[in-house]
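Have a look at the structure below before the remarks.
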Amino acid sequence: MTDDLAALFALHQAQTEFLVAAYDAAPHSTRKAALLGEYRCRQRCGLLVAWQAPGPIRLARLRPYKLSAGKNQAKSTPSARAKNTLDGDRHWRSRVLVLDDLAGWPGLALDLNCDHYAGHILASELLAEIAEARPGVPVRRVVPR
Ligand SMILES: [Zn+2]
């Protein structure tokens with residue numbers, strides 16, 4: 001990666017973190033008015049939330065989750081576990097995605113996990129579903145469907 005590209009990536013990352021912090025700090029009514037999508041399991045765990053940030057930038061956050069030891073070993077590498085888990089092993093961090101960045105990765109599978117459900121949604125599916133939403137008029141999905 002060139003220095004310019006690395007700087008651009010760092011700026012993008014910092015902007016995303018700022019927008020997430022702003023969303024988290026906003027009053028409930030503001031977050032509700034920005035909401036584009038909510039994905040839940042049948043027991044109501046929030047698996048994914050998508051919202052319209054100023055910019056206009058659309059963001060999504062995936063729930064943190066814990067995998068069983070066997071599934072964790074099968075689905076991940078030691079370096080990914082070291083980088084993306086809270087405990088270096090099975091407690092995976094919440095992830096934030098810039099939805100418009102996903103357009104170039106339509107086949108990317110986004111993991112949706114909680115204690116009741118383990119599955120995924122393709123980036124192309126998420127983008128198509130979110131395209132039906134307007135801020136404050138979100139798509140709401142329960143998985144499995
Ligand atoms: Zn659940």
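Residues are named by chain letter and number: chains run A, B, ... in the order of the structure tokens, numbers start at 1 in each chain, and ligands are numbered from 1 in the order shown.
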
Dump the neighbourhood of ligand 1 as a ChimeraX atom specification: all residues within 7 Å, distances computed on only C-alpha atoms and all ligand atoms. /A:41-45,114-117

Those same residues, written as an mmCIF file, in the first residue's frame with C-alpha atoms?
```cif
data_model
loop_
_atom_site.group_PDB
_atom_site.id
_atom_site.type_symbol
_atom_site.label_atom_id
_atom_site.label_comp_id
_atom_site.auth_asym_id
_atom_site.auth_seq_id
_atom_site.Cartn_x
_atom_site.Cartn_y
_atom_site.Cartn_z
ATOM 1 C CA CYS A 41 -33.061 -13.328 15.566
ATOM 2 C CA ARG A 42 -36.409 -14.883 16.529
ATOM 3 C CA GLN A 43 -35.587 -14.194 20.197
ATOM 4 C CA ARG A 44 -35.114 -10.485 19.337
ATOM 5 C CA CYS A 45 -31.329 -10.182 19.607
ATOM 6 C CA CYS A 114 -26.038 -14.609 18.558
ATOM 7 C CA ASP A 115 -26.676 -17.383 21.058
ATOM 8 C CA HIS A 116 -29.727 -18.490 19.020
ATOM 9 C CA TYR A 117 -28.677 -18.045 15.434
#
```

Write out as a list in words the residues lying within 10 Å of Leu99 of chain A, counting only C-alpha atoms and excluding same-chain residues fewer than 4 positions away.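 The neighbour list is Ala50, Trp51, Gln52, Ile57, Arg58, Leu59, Ala60, Arg61, Ala103, Ala123, Leu126, Leu127 and Ile130 of chain A.
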
With N, CA and C atoms retained, write the just-selected residues as a short mmCIF file (atom, residue, chain, number, x, y, z; two decimals), in the first residue's frame.
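Resulting contents of part.cif:
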```cif
data_model
loop_
_atom_site.label_atom_id
_atom_site.label_comp_id
_atom_site.auth_asym_id
_atom_site.auth_seq_id
_atom_site.Cartn_x
_atom_site.Cartn_y
_atom_site.Cartn_z
N ALA A 50 -28.46 -0.83 10.65
CA ALA A 50 -27.93 0.05 9.60
C ALA A 50 -28.56 1.42 9.75
N TRP A 51 -27.78 2.44 9.51
CA TRP A 51 -28.32 3.79 9.65
C TRP A 51 -27.66 4.75 8.67
N GLN A 52 -28.38 5.86 8.47
CA GLN A 52 -27.90 6.93 7.62
C GLN A 52 -27.14 7.93 8.47
N ILE A 57 -23.45 9.12 4.43
CA ILE A 57 -22.77 7.84 4.53
C ILE A 57 -23.71 6.88 5.25
N ARG A 58 -23.85 5.70 4.69
CA ARG A 58 -24.69 4.68 5.31
C ARG A 58 -23.78 3.67 6.00
N LEU A 59 -24.07 3.41 7.27
CA LEU A 59 -23.24 2.51 8.07
C LEU A 59 -24.06 1.34 8.57
N ALA A 60 -23.38 0.27 8.88
CA ALA A 60 -24.03 -0.89 9.51
C ALA A 60 -23.09 -1.42 10.58
N ARG A 61 -23.70 -1.93 11.65
CA ARG A 61 -22.92 -2.52 12.73
C ARG A 61 -23.40 -3.94 12.97
N ALA A 103 -20.53 -2.29 -2.03
CA ALA A 103 -21.01 -2.44 -3.40
C ALA A 103 -19.98 -3.17 -4.28
N ALA A 123 -23.56 -9.32 1.09
CA ALA A 123 -23.53 -7.86 0.94
C ALA A 123 -24.55 -7.40 -0.09
N LEU A 126 -28.03 -7.46 1.46
CA LEU A 126 -28.20 -6.37 2.42
C LEU A 126 -28.40 -5.04 1.68
N LEU A 127 -27.57 -4.79 0.69
CA LEU A 127 -27.68 -3.52 -0.05
C LEU A 127 -29.03 -3.42 -0.75
N ILE A 130 -31.69 -2.78 2.01
CA ILE A 130 -31.56 -1.43 2.58
C ILE A 130 -31.97 -0.37 1.55
#
```

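When only C-alpha atoms are used to compute distances to Lys32 of chain A, the closest of the residues A:Val143, A:Val20, A:Val96, A:Val137 turns out to be A:Val137.
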
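The smallest atom-to-atom distance between Glu38 of chain A and any of A:Glu129, A:Asp24, A:Asp89, A:Asp100, using only C-alpha atoms, is found for A:Glu129.
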
Among chain A, which ones does DSSP place in strand (DSSP E or B), written as a VMD selection string? chain A and resid 35 to 41 46 to 53 57 to 62 65 to 66 85 91 to 92 95 to 98 109 to 113 118 to 122 134 137 139 to 143

From A:Leu112, A:Val142, A:Ala22, A:Val98, residue lying nearest Leu48 of chain A [only C-alpha atoms]: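 Nearest to Leu48 of chain A: A:Leu112.
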
Could you pull out the residues in segment 58-92 of chain A that DSSP calls alpha helix (DSSP H) from the backbone, as a count of residues only? 14

If we count only C-alpha atoms, what is near segment 70-77 of chain A at a cut-off of 12 Å, once residues fewer than 6 positions away on the same chain are taken out, given as a list in words?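 Surrounding residues, per the criterion: Lys83, Asn84, Thr85, Gly88, Asp89, Arg90, His91, Trp92, Asp111 and Ala118 of chain A.
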
Keeping only C-alpha atoms, write those residues as an mmCIF file, in the first residue's frame.
```cif
data_model
loop_
_atom_site.group_PDB
_atom_site.id
_atom_site.type_symbol
_atom_site.label_atom_id
_atom_site.label_comp_id
_atom_site.auth_asym_id
_atom_site.auth_seq_id
_atom_site.Cartn_x
_atom_site.Cartn_y
_atom_site.Cartn_z
ATOM 1 C CA LYS A 83 -6.787 -9.090 15.627
ATOM 2 C CA ASN A 84 -10.596 -9.258 15.775
ATOM 3 C CA THR A 85 -11.518 -10.800 19.096
ATOM 4 C CA GLY A 88 -7.702 -13.292 21.415
ATOM 5 C CA ASP A 89 -9.875 -16.356 20.926
ATOM 6 C CA ARG A 90 -13.691 -16.683 20.695
ATOM 7 C CA HIS A 91 -15.286 -13.333 21.629
ATOM 8 C CA TRP A 92 -15.551 -11.532 18.300
ATOM 9 C CA ASP A 111 -21.836 -13.065 9.659
ATOM 10 C CA ALA A 118 -25.601 -18.368 13.237
#
```

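Closest approach to Leu86 of chain A from the set A:Pro135, A:Gly104, A:Pro64, A:Gly119 is made by A:Pro64, with distances taken over only C-alpha atoms.
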
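The shortest atom-to-atom distance to Thr30 of chain A, with only C-alpha atoms taken into account, belongs to A:Gly136 out of A:Ala80, A:Lys66, A:Glu125, A:Gly136.
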
Could you tell me how far atom CA of Arg40 of chain A lies from atom CA of Arg63 of chain A, in Å and to one decimal?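 Atom CA of Arg40 of chain A sits 10.1 Å away from atom CA of Arg63 of chain A.
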
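Between atom CA of Tyr65 of chain A and atom CA of Glu132 of chain A lies a distance of 27.7 Å.
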